[in-house]
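Asker: Sending over coords.cif (mmCIF, C-alpha atoms).
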data_final
#
loop_
_atom_site.label_atom_id
_atom_site.label_comp_id
_atom_site.auth_asym_id
_atom_site.auth_seq_id
_atom_site.Cartn_x
_atom_site.Cartn_y
_atom_site.Cartn_z
CA GLY A 1 109.26 111.53 107.53
CA ALA A 2 108.83 109.16 104.58
CA VAL A 3 109.91 105.99 106.37
CA VAL A 4 109.45 102.57 104.82
CA SER A 5 109.78 99.42 106.88
CA GLN A 6 110.19 95.81 105.86
CA HIS A 7 109.55 92.70 107.86
CA PRO A 8 111.29 90.41 108.42
CA SER A 9 114.80 91.73 107.94
CA ARG A 10 116.19 88.22 107.61
CA VAL A 11 114.52 84.90 107.00
CA ILE A 12 115.78 81.40 106.50
CA CYS A 13 113.39 78.84 105.14
CA LYS A 14 113.47 75.34 103.77
CA SER A 15 113.13 74.57 100.11
CA GLY A 16 109.50 74.16 99.09
CA THR A 17 108.04 76.46 101.71
CA SER A 18 106.55 79.91 101.15
CA VAL A 19 107.75 83.16 102.66
CA LYS A 20 105.89 86.44 103.00
CA ILE A 21 107.68 89.78 103.16
CA GLU A 22 105.84 92.90 104.27
CA CYS A 23 106.55 96.44 103.16
CA ARG A 24 104.93 99.32 105.01
CA SER A 25 105.00 103.07 104.53
CA LEU A 26 104.93 104.28 108.12
CA ASP A 27 104.10 107.95 107.85
CA PHE A 28 102.74 108.50 104.38
CA GLN A 29 100.34 107.00 101.89
CA ALA A 30 101.89 105.25 98.94
CA THR A 31 99.82 104.71 95.82
CA THR A 32 102.67 102.82 94.26
CA MET A 33 105.18 100.39 95.71
CA PHE A 34 108.01 98.71 93.89
CA TRP A 35 109.72 95.42 94.59
CA TYR A 36 113.37 94.93 93.72
CA ARG A 37 115.76 92.04 93.96
CA GLN A 38 119.46 92.52 94.48
CA PHE A 39 122.08 89.88 93.86
CA PRO A 40 125.44 90.08 95.64
CA LYS A 41 127.51 93.03 94.46
CA GLN A 42 125.00 93.87 91.75
CA SER A 43 122.45 96.54 91.08
CA LEU A 44 118.78 96.38 91.86
CA MET A 45 116.55 94.50 89.48
CA LEU A 46 112.96 95.71 89.37
CA MET A 47 110.60 92.79 89.83
CA ALA A 48 107.20 94.43 89.83
CA THR A 49 105.24 97.62 90.31
CA SER A 50 102.34 97.45 92.71
CA ASN A 51 99.44 99.89 92.76
CA GLU A 52 97.00 99.93 95.62
CA GLY A 53 93.85 98.00 94.84
CA SER A 54 94.97 96.61 91.51
CA LYS A 55 97.08 93.79 90.17
CA ALA A 56 100.82 94.20 90.15
CA THR A 57 102.68 94.76 86.91
CA TYR A 58 105.57 92.33 86.61
CA GLU A 59 108.76 92.89 84.69
CA GLN A 60 109.68 90.56 81.90
CA GLY A 61 111.13 87.32 83.16
CA VAL A 62 109.61 87.54 86.64
CA GLU A 63 107.21 84.70 87.40
CA LYS A 64 104.00 86.19 88.74
CA ASP A 65 102.83 82.85 90.14
CA LYS A 66 106.03 82.46 92.08
CA PHE A 67 106.32 86.01 93.39
CA LEU A 68 102.85 86.96 94.57
CA ILE A 69 102.36 90.64 95.27
CA ASN A 70 99.43 92.12 97.12
CA HIS A 71 98.89 95.81 97.71
CA ALA A 72 95.78 95.87 99.85
CA SER A 73 96.10 99.35 101.32
CA LEU A 74 97.93 102.61 100.80
CA THR A 75 100.46 101.66 103.46
CA LEU A 76 101.05 97.94 102.95
CA SER A 77 102.33 95.72 100.17
CA THR A 78 103.37 92.10 100.54
CA LEU A 79 105.61 89.86 98.47
CA THR A 80 105.15 86.12 98.89
CA VAL A 81 107.80 83.83 97.49
CA THR A 82 105.96 80.59 96.88
CA SER A 83 107.62 77.18 96.88
CA ALA A 84 110.98 78.77 97.48
CA HIS A 85 114.15 77.23 96.11
CA PRO A 86 117.80 77.98 96.87
CA GLU A 87 118.07 80.10 93.71
CA ASP A 88 115.47 82.44 95.21
CA SER A 89 117.94 83.36 97.94
CA SER A 90 118.55 87.06 97.57
CA PHE A 91 118.12 90.52 99.07
CA TYR A 92 114.62 91.83 98.44
CA ILE A 93 114.01 95.56 98.70
CA CYS A 94 110.75 97.46 98.45
CA SER A 95 110.21 101.13 97.84
CA ALA A 96 107.23 103.43 97.97
CA SER A 97 106.26 106.62 96.20
CA LEU A 98 104.46 109.44 97.88
CA LEU A 99 100.80 109.83 96.96
CA ALA A 100 101.53 113.17 95.35
CA GLY A 101 104.27 111.72 93.17
CA GLY A 102 107.23 113.99 92.64
CA GLY A 103 109.58 111.33 91.38
CA GLU A 104 111.01 110.24 94.71
CA GLN A 105 110.99 106.72 96.03
CA TYR A 106 111.70 105.79 99.62
CA PHE A 107 113.31 102.45 100.21
CA GLY A 108 112.85 99.87 102.89
CA PRO A 109 115.88 98.38 104.63
CA GLY A 110 115.60 95.13 102.70
CA THR A 111 114.94 91.50 103.55
CA ARG A 112 117.60 88.86 103.17
CA LEU A 113 116.07 85.55 102.20
CA THR A 114 118.06 82.36 102.46
CA VAL A 115 116.51 79.15 101.20
CA THR A 116 118.20 75.98 102.36
CA GLY B 1 114.62 103.25 76.66
CA ASN B 2 115.98 105.03 79.66
CA SER B 3 119.34 103.95 81.02
CA VAL B 4 122.05 105.00 83.45
CA THR B 5 125.76 104.36 83.09
CA GLN B 6 128.09 104.92 86.00
CA MET B 7 131.77 104.28 86.43
CA GLU B 8 132.67 100.83 87.52
CA GLY B 9 134.38 100.29 90.78
CA PRO B 10 135.61 99.46 93.13
CA VAL B 11 137.06 102.82 94.01
CA THR B 12 139.57 102.95 96.85
CA LEU B 13 140.60 106.29 98.31
CA SER B 14 142.52 107.51 101.29
CA GLU B 15 140.71 109.56 103.89
CA GLU B 16 140.36 113.25 102.91
CA ALA B 17 140.84 112.51 99.21
CA PHE B 18 138.61 114.05 96.54
CA LEU B 19 135.88 111.82 95.16
CA THR B 20 134.26 111.79 91.75
CA ILE B 21 131.90 109.08 90.57
CA ASN B 22 130.81 109.62 86.99
CA CYS B 23 127.24 109.07 85.90
CA THR B 24 125.67 109.64 82.50
CA TYR B 25 122.15 108.92 81.38
CA THR B 26 119.97 108.35 78.37
CA ALA B 27 116.37 109.37 78.64
CA THR B 28 113.49 110.89 76.77
CA GLY B 29 112.15 114.12 78.12
CA TYR B 30 113.41 115.63 81.33
CA PRO B 31 113.98 113.01 84.01
CA SER B 32 114.69 113.57 87.66
CA LEU B 33 118.14 112.38 88.72
CA PHE B 34 119.17 110.78 91.98
CA TRP B 35 122.10 109.40 93.90
CA TYR B 36 121.39 106.66 96.41
CA VAL B 37 123.82 105.17 98.91
CA GLN B 38 123.76 101.65 100.30
CA TYR B 39 125.77 100.88 103.41
CA PRO B 40 126.76 97.25 104.06
CA GLY B 41 123.78 95.05 104.83
CA GLU B 42 121.26 97.86 104.50
CA GLY B 43 118.74 99.15 102.00
CA LEU B 44 119.12 102.22 99.85
CA GLN B 45 119.06 105.73 101.20
CA LEU B 46 118.47 108.81 99.10
CA LEU B 47 121.64 110.88 99.13
CA LEU B 48 120.64 113.75 96.87
CA LYS B 49 118.55 114.60 93.87
CA ALA B 50 117.98 117.15 91.13
CA THR B 51 114.81 117.60 89.18
CA LYS B 52 115.76 119.97 86.37
CA ALA B 53 118.73 121.10 84.34
CA ASP B 54 121.45 123.03 86.21
CA ASP B 55 120.00 122.06 89.58
CA LYS B 56 122.62 121.06 92.13
CA GLY B 57 121.75 118.47 94.72
CA SER B 58 123.81 118.36 97.88
CA ASN B 59 123.86 116.48 101.16
CA LYS B 60 126.48 115.44 103.73
CA GLY B 61 129.24 117.13 101.73
CA PHE B 62 128.30 115.32 98.52
CA GLU B 63 127.04 117.23 95.51
CA ALA B 64 125.99 116.60 91.94
CA THR B 65 124.85 118.96 89.18
CA TYR B 66 122.24 118.06 86.56
CA ARG B 67 123.99 118.75 83.24
CA LYS B 68 121.58 118.39 80.38
CA GLU B 69 124.11 119.31 77.70
CA THR B 70 126.35 116.41 78.69
CA THR B 71 123.56 114.22 80.10
CA SER B 72 125.57 113.78 83.26
CA PHE B 73 125.08 113.83 87.02
CA HIS B 74 128.53 113.21 88.47
CA LEU B 75 128.83 112.75 92.23
CA GLU B 76 131.59 114.67 94.03
CA LYS B 77 132.87 115.13 97.55
CA GLY B 78 135.83 117.23 98.50
CA SER B 79 137.11 115.16 101.41
CA VAL B 80 135.92 111.61 101.97
CA GLN B 81 135.79 109.85 105.30
CA VAL B 82 136.01 106.19 106.23
CA SER B 83 132.30 106.31 107.05
CA ASP B 84 131.56 107.12 103.39
CA SER B 85 132.52 103.58 102.41
CA ALA B 86 129.42 102.20 100.69
CA VAL B 87 127.93 101.46 97.30
CA TYR B 88 126.63 104.48 95.39
CA PHE B 89 123.87 104.20 92.80
CA CYS B 90 122.98 106.79 90.21
CA ALA B 91 119.35 106.66 89.10
CA LEU B 92 116.79 108.45 87.01
CA ARG B 93 113.05 108.63 86.92
CA SER B 94 110.87 109.94 84.15
CA LEU B 95 107.81 112.03 84.86
CA GLY B 96 104.95 110.28 86.56
CA ASN B 97 104.91 107.38 88.95
CA THR B 98 107.35 105.21 87.06
CA PRO B 99 110.04 103.10 88.71
CA LEU B 100 113.61 104.28 89.11
CA VAL B 101 116.19 103.13 86.60
CA PHE B 102 119.48 102.39 88.34
CA GLY B 103 123.07 102.29 87.29
CA LYS B 104 125.08 99.26 88.30
CA GLY B 105 126.48 100.87 91.41
CA THR B 106 129.99 101.91 92.39
CA ARG B 107 131.60 100.50 95.50
CA LEU B 108 133.68 103.04 97.40
CA SER B 109 136.19 102.05 100.05
CA VAL B 110 137.88 104.76 102.07
CA ILE B 111 140.92 103.78 104.07
CA ALA B 112 142.38 105.66 107.00
#
Please, can you express the file's structure as structure tokens?
Answerer:
Amino acid sequence: GAVVSQHPSRVICKSGTSVKIECRSLDFQATTMFWYRQFPKQSLMLMATSNEGSKATYEQGVEKDKFLINHASLTLSTLTVTSAHPEDSSFYICSASLLAGGGEQYFGPGTRLTVT
Amino acid sequence: GNSVTQMEGPVTLSEEAFLTINCTYTATGYPSLFWYVQYPGEGLQLLLKATKADDKGSNKGFEATYRKETTSFHLEKGSVQVSDSAVYFCALRSLGNTPLVFGKGTRLSVIA
């Protein structure tokens, strides 16, 4: 149990376009989902915390107008990178917490975004 | 604030060698502690966890003990395999639905 999926796994887009990444909890309800960004050979950087039905909380330095997060249901959160630029190329990973909490996050497999 | 410090890699070991990856933390209260593993090109997988002092988490031959007196959660494995080659992240989480705080990761390469 506790499986999180992400779609797409890889995406290549042109500079100036927008890209949407989906994160789904497949077999549990997640009140909270987290979006991370990982640069090559580096740790995960938390971008935002997303609670179902409310606005996401962004970390300092993360542009909320550029990285749009929607958490419309207990099983789905989306990250939209708007007007993407080459510097947005990265590995984006989402995670989800079980409804009952407990301190454990389950991670999706990640989405590699390449902006040309 | 909360933070996690883990030994820097990369770590290169021969197959069947003993592995230790050090991890220490700074936190208020009593956090839960985790080790995650990331295989090449993949997302993070939970390896093991411990939620209170003196708890030992174990999985796939790996183990780590929550040491409150030394604020440590070192990862150990008695005999590594080539398939253990990955990046290992130590992490903590305070009570409640707060995000994980990660260490910088340690890359392990096991050679035959």
Asker: I need the output of the PyMOL selection byres ((chain A) within 10 of (chain B)) for this file as a CSV table (one decimal) with C-alpha atoms, keeping the file's coordinate frame; which residues are they?
Answerer:
chain,number,residue,atom,x,y,z
A,6,GLN,CA,110.2,95.8,105.9
A,9,SER,CA,114.8,91.7,107.9
A,31,THR,CA,99.8,104.7,95.8
A,32,THR,CA,102.7,102.8,94.3
A,33,MET,CA,105.2,100.4,95.7
A,34,PHE,CA,108.0,98.7,93.9
A,35,TRP,CA,109.7,95.4,94.6
A,41,LYS,CA,127.5,93.0,94.5
A,42,GLN,CA,125.0,93.9,91.8
A,43,SER,CA,122.4,96.5,91.1
A,44,LEU,CA,118.8,96.4,91.9
A,45,MET,CA,116.6,94.5,89.5
A,46,LEU,CA,113.0,95.7,89.4
A,48,ALA,CA,107.2,94.4,89.8
A,49,THR,CA,105.2,97.6,90.3
A,91,PHE,CA,118.1,90.5,99.1
A,92,TYR,CA,114.6,91.8,98.4
A,93,ILE,CA,114.0,95.6,98.7
A,94,CYS,CA,110.8,97.5,98.4
A,95,SER,CA,110.2,101.1,97.8
A,96,ALA,CA,107.2,103.4,98.0
A,97,SER,CA,106.3,106.6,96.2
A,98,LEU,CA,104.5,109.4,97.9
A,99,LEU,CA,100.8,109.8,97.0
A,100,ALA,CA,101.5,113.2,95.4
A,101,GLY,CA,104.3,111.7,93.2
A,102,GLY,CA,107.2,114.0,92.6
A,103,GLY,CA,109.6,111.3,91.4
A,104,GLU,CA,111.0,110.2,94.7
A,105,GLN,CA,111.0,106.7,96.0
A,106,TYR,CA,111.7,105.8,99.6
A,107,PHE,CA,113.3,102.4,100.2
A,108,GLY,CA,112.8,99.9,102.9
A,109,PRO,CA,115.9,98.4,104.6
A,110,GLY,CA,115.6,95.1,102.7
A,111,THR,CA,114.9,91.5,103.6
A,112,ARG,CA,117.6,88.9,103.2
Asker: Using all atoms listed in the file, which residue out of A:Leu74, A:Val62, A:Cys13, A:Ile69 lies closest to Ser25 of chain A?
Answerer: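 Looking only at the distances to Ser25 of chain A, the closest residue turns out to be A:Leu74.
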Asker: To one decimal place in Å, what is the distance between atom CA of Val4 of chain B and atom CA of Ser72 of chain B?
Answerer: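 Computed distance, atom CA of Val4 of chain B to atom CA of Ser72 of chain B, equals 9.5 Å.
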Asker: Hey, what's within 10 Å of Thr71 of chain B if we count all atoms listed in the file and toss same-chain stuff fewer than 5 positions away? As a CSV table (one decimal) with C-alpha atoms, in the frame of the given file, please?
Answerer:
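out11.csv written:
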chain,number,residue,atom,x,y,z
B,4,VAL,CA,122.0,105.0,83.4
B,23,CYS,CA,127.2,109.1,85.9
B,24,THR,CA,125.7,109.6,82.5
B,25,TYR,CA,122.2,108.9,81.4
B,26,THR,CA,120.0,108.4,78.4
B,27,ALA,CA,116.4,109.4,78.6
B,53,ALA,CA,118.7,121.1,84.3
B,66,TYR,CA,122.2,118.1,86.6
Asker: Mind pulling up the distance from atom CA of Ala86 of chain B to atom CA of Val37 of chain B?
Answerer: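 Atom CA of Val37 of chain B sits 6.6 Å away from atom CA of Ala86 of chain B.
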Asker: Any idea what's packed within 10 Å of segment 55-58 of chain B, counting only C-alpha atoms, ignoring anything in its chain fewer than 2 positions away? Could you give it as a list in words?
Answerer: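 Final neighbour list, sorted by chain and number: Leu33, Phe34, Trp35, Leu47, Leu48, Lys49, Ala50, Thr51, Lys52, Ala53, Lys60, Gly61, Phe62, Glu63, Ala64, Thr65, Tyr66, Arg67, Phe73, Leu75, Glu76 and Lys77 of chain B.
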Asker: On this structure, which residues satisfy the PyMOL selection byres ((chain A and resi 2) around 7), written as a list in words?
Answerer: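 After applying the PyMOL selection byres ((chain A and resi 2) around 7), what remains is Gly1, Val3, Val4, Asp27, Phe28 and Tyr106 of chain A.
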Asker: Save the residues we just selected, C-alpha atoms, as a CSV table (one decimal), in the frame of the given file?
Answerer:
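Writing done, so here's result-v3.csv:
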chain,number,residue,atom,x,y,z
A,1,GLY,CA,109.3,111.5,107.5
A,3,VAL,CA,109.9,106.0,106.4
A,4,VAL,CA,109.4,102.6,104.8
A,27,ASP,CA,104.1,108.0,107.8
A,28,PHE,CA,102.7,108.5,104.4
A,106,TYR,CA,111.7,105.8,99.6
Asker: Give me the residues within 8 Å of Ile111 of chain B as a count of residues only, counting all atoms listed in the file and dropping any in the same chain fewer than 4 places off.
Answerer: 5
Asker: Could you tell me which of A:Pro40, A:Asp88, A:Thr116, A:His71 comes closest to Glu22 of chain A if we count all atoms listed in the file?
Answerer: A:His71
Asker: Can you list, as a PDB file with C-alpha atoms, in the frame of the given file, every protein, DNA or RNA residue that comes within 7 Å of Ser18 of chain A when you count only C-alpha atoms, leaving out same-chain residues fewer than 6 positions away?
Answerer:
ATOM      1  CA  THR A  80     105.150  86.120  98.890  1.00  0.00           C
ATOM      2  CA  VAL A  81     107.800  83.830  97.490  1.00  0.00           C
ATOM      3  CA  THR A  82     105.960  80.590  96.880  1.00  0.00           C
ATOM      4  CA  SER A  83     107.620  77.180  96.880  1.00  0.00           C
ATOM      5  CA  ALA A  84     110.980  78.770  97.480  1.00  0.00           C
TER       6      ALA A  84
END
Asker: Interatomic distance between atom CA of His74 of chain B and atom CA of Ile21 of chain B?
Answerer: 5.7 Å
Asker: On this structure, the PyMOL selection byres ((chain A and resi 75) around 6) would catch which residues? List them as a PyMOL selection string, sorted by chain and number.
Answerer: chain A and resi 24-25+29-30+73-74+76
Asker: Point out the residue among A:Arg10, A:Lys20, A:His85, A:Arg37 with the least atom-to-atom distance to Glu59 of chain A, counting only C-alpha atoms.
Answerer: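 Closest candidate: A:Arg37.
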Asker: What's around Asp84 of chain B at 8 Å? Count all atoms listed in the file, leave out sequence neighbours fewer than 3 positions away in its own chain, and write the answer as an NGL selection string.
Answerer: :B and (80-81 or 108-110)
Asker: Output requested as a compact mmCIF listing (two decimals), keeping the file's coordinate frame - segment 85-103 of chain B, filled out with N, CA and C atoms.
Answerer:
# COMPACT_ATOMS: atom_id res chain seq x y z
N SER B 85 132.38 104.86 103.10
CA SER B 85 132.52 103.58 102.41
C SER B 85 131.15 102.94 102.24
N ALA B 86 130.76 102.69 101.00
CA ALA B 86 129.42 102.20 100.69
C ALA B 86 129.35 101.97 99.19
N VAL B 87 128.17 101.55 98.74
CA VAL B 87 127.93 101.46 97.30
C VAL B 87 127.02 102.61 96.91
N TYR B 88 127.38 103.30 95.84
CA TYR B 88 126.63 104.48 95.39
C TYR B 88 125.96 104.16 94.06
N PHE B 89 124.66 104.47 94.00
CA PHE B 89 123.87 104.20 92.80
C PHE B 89 123.35 105.51 92.23
N CYS B 90 123.59 105.69 90.94
CA CYS B 90 122.98 106.79 90.21
C CYS B 90 121.67 106.28 89.63
N ALA B 91 120.65 107.12 89.59
CA ALA B 91 119.35 106.66 89.10
C ALA B 91 118.60 107.80 88.45
N LEU B 92 117.66 107.45 87.59
CA LEU B 92 116.79 108.45 87.01
C LEU B 92 115.35 107.97 87.07
N ARG B 93 114.47 108.93 86.96
CA ARG B 93 113.05 108.63 86.92
C ARG B 93 112.37 109.63 86.00
N SER B 94 111.62 109.07 85.05
CA SER B 94 110.87 109.94 84.15
C SER B 94 109.68 110.53 84.89
N LEU B 95 108.98 111.42 84.24
CA LEU B 95 107.81 112.03 84.86
C LEU B 95 106.77 110.97 85.18
N GLY B 96 105.99 111.22 86.18
CA GLY B 96 104.95 110.28 86.56
C GLY B 96 105.45 109.28 87.57
N ASN B 97 104.62 108.33 87.88
CA ASN B 97 104.91 107.38 88.95
C ASN B 97 105.59 106.14 88.40
N THR B 98 106.64 106.34 87.66
CA THR B 98 107.35 105.21 87.06
C THR B 98 108.51 104.80 87.95
N PRO B 99 108.96 103.55 87.84
CA PRO B 99 110.04 103.10 88.71
C PRO B 99 111.38 103.75 88.36
N LEU B 100 112.27 103.78 89.32
CA LEU B 100 113.61 104.28 89.11
C LEU B 100 114.38 103.33 88.20
N VAL B 101 115.25 103.91 87.40
CA VAL B 101 116.19 103.13 86.60
C VAL B 101 117.56 103.36 87.22
N PHE B 102 118.22 102.29 87.62
CA PHE B 102 119.48 102.39 88.34
C PHE B 102 120.68 102.09 87.46
N GLY B 103 121.79 102.73 87.79
CA GLY B 103 123.07 102.29 87.29
C GLY B 103 123.50 101.06 88.05
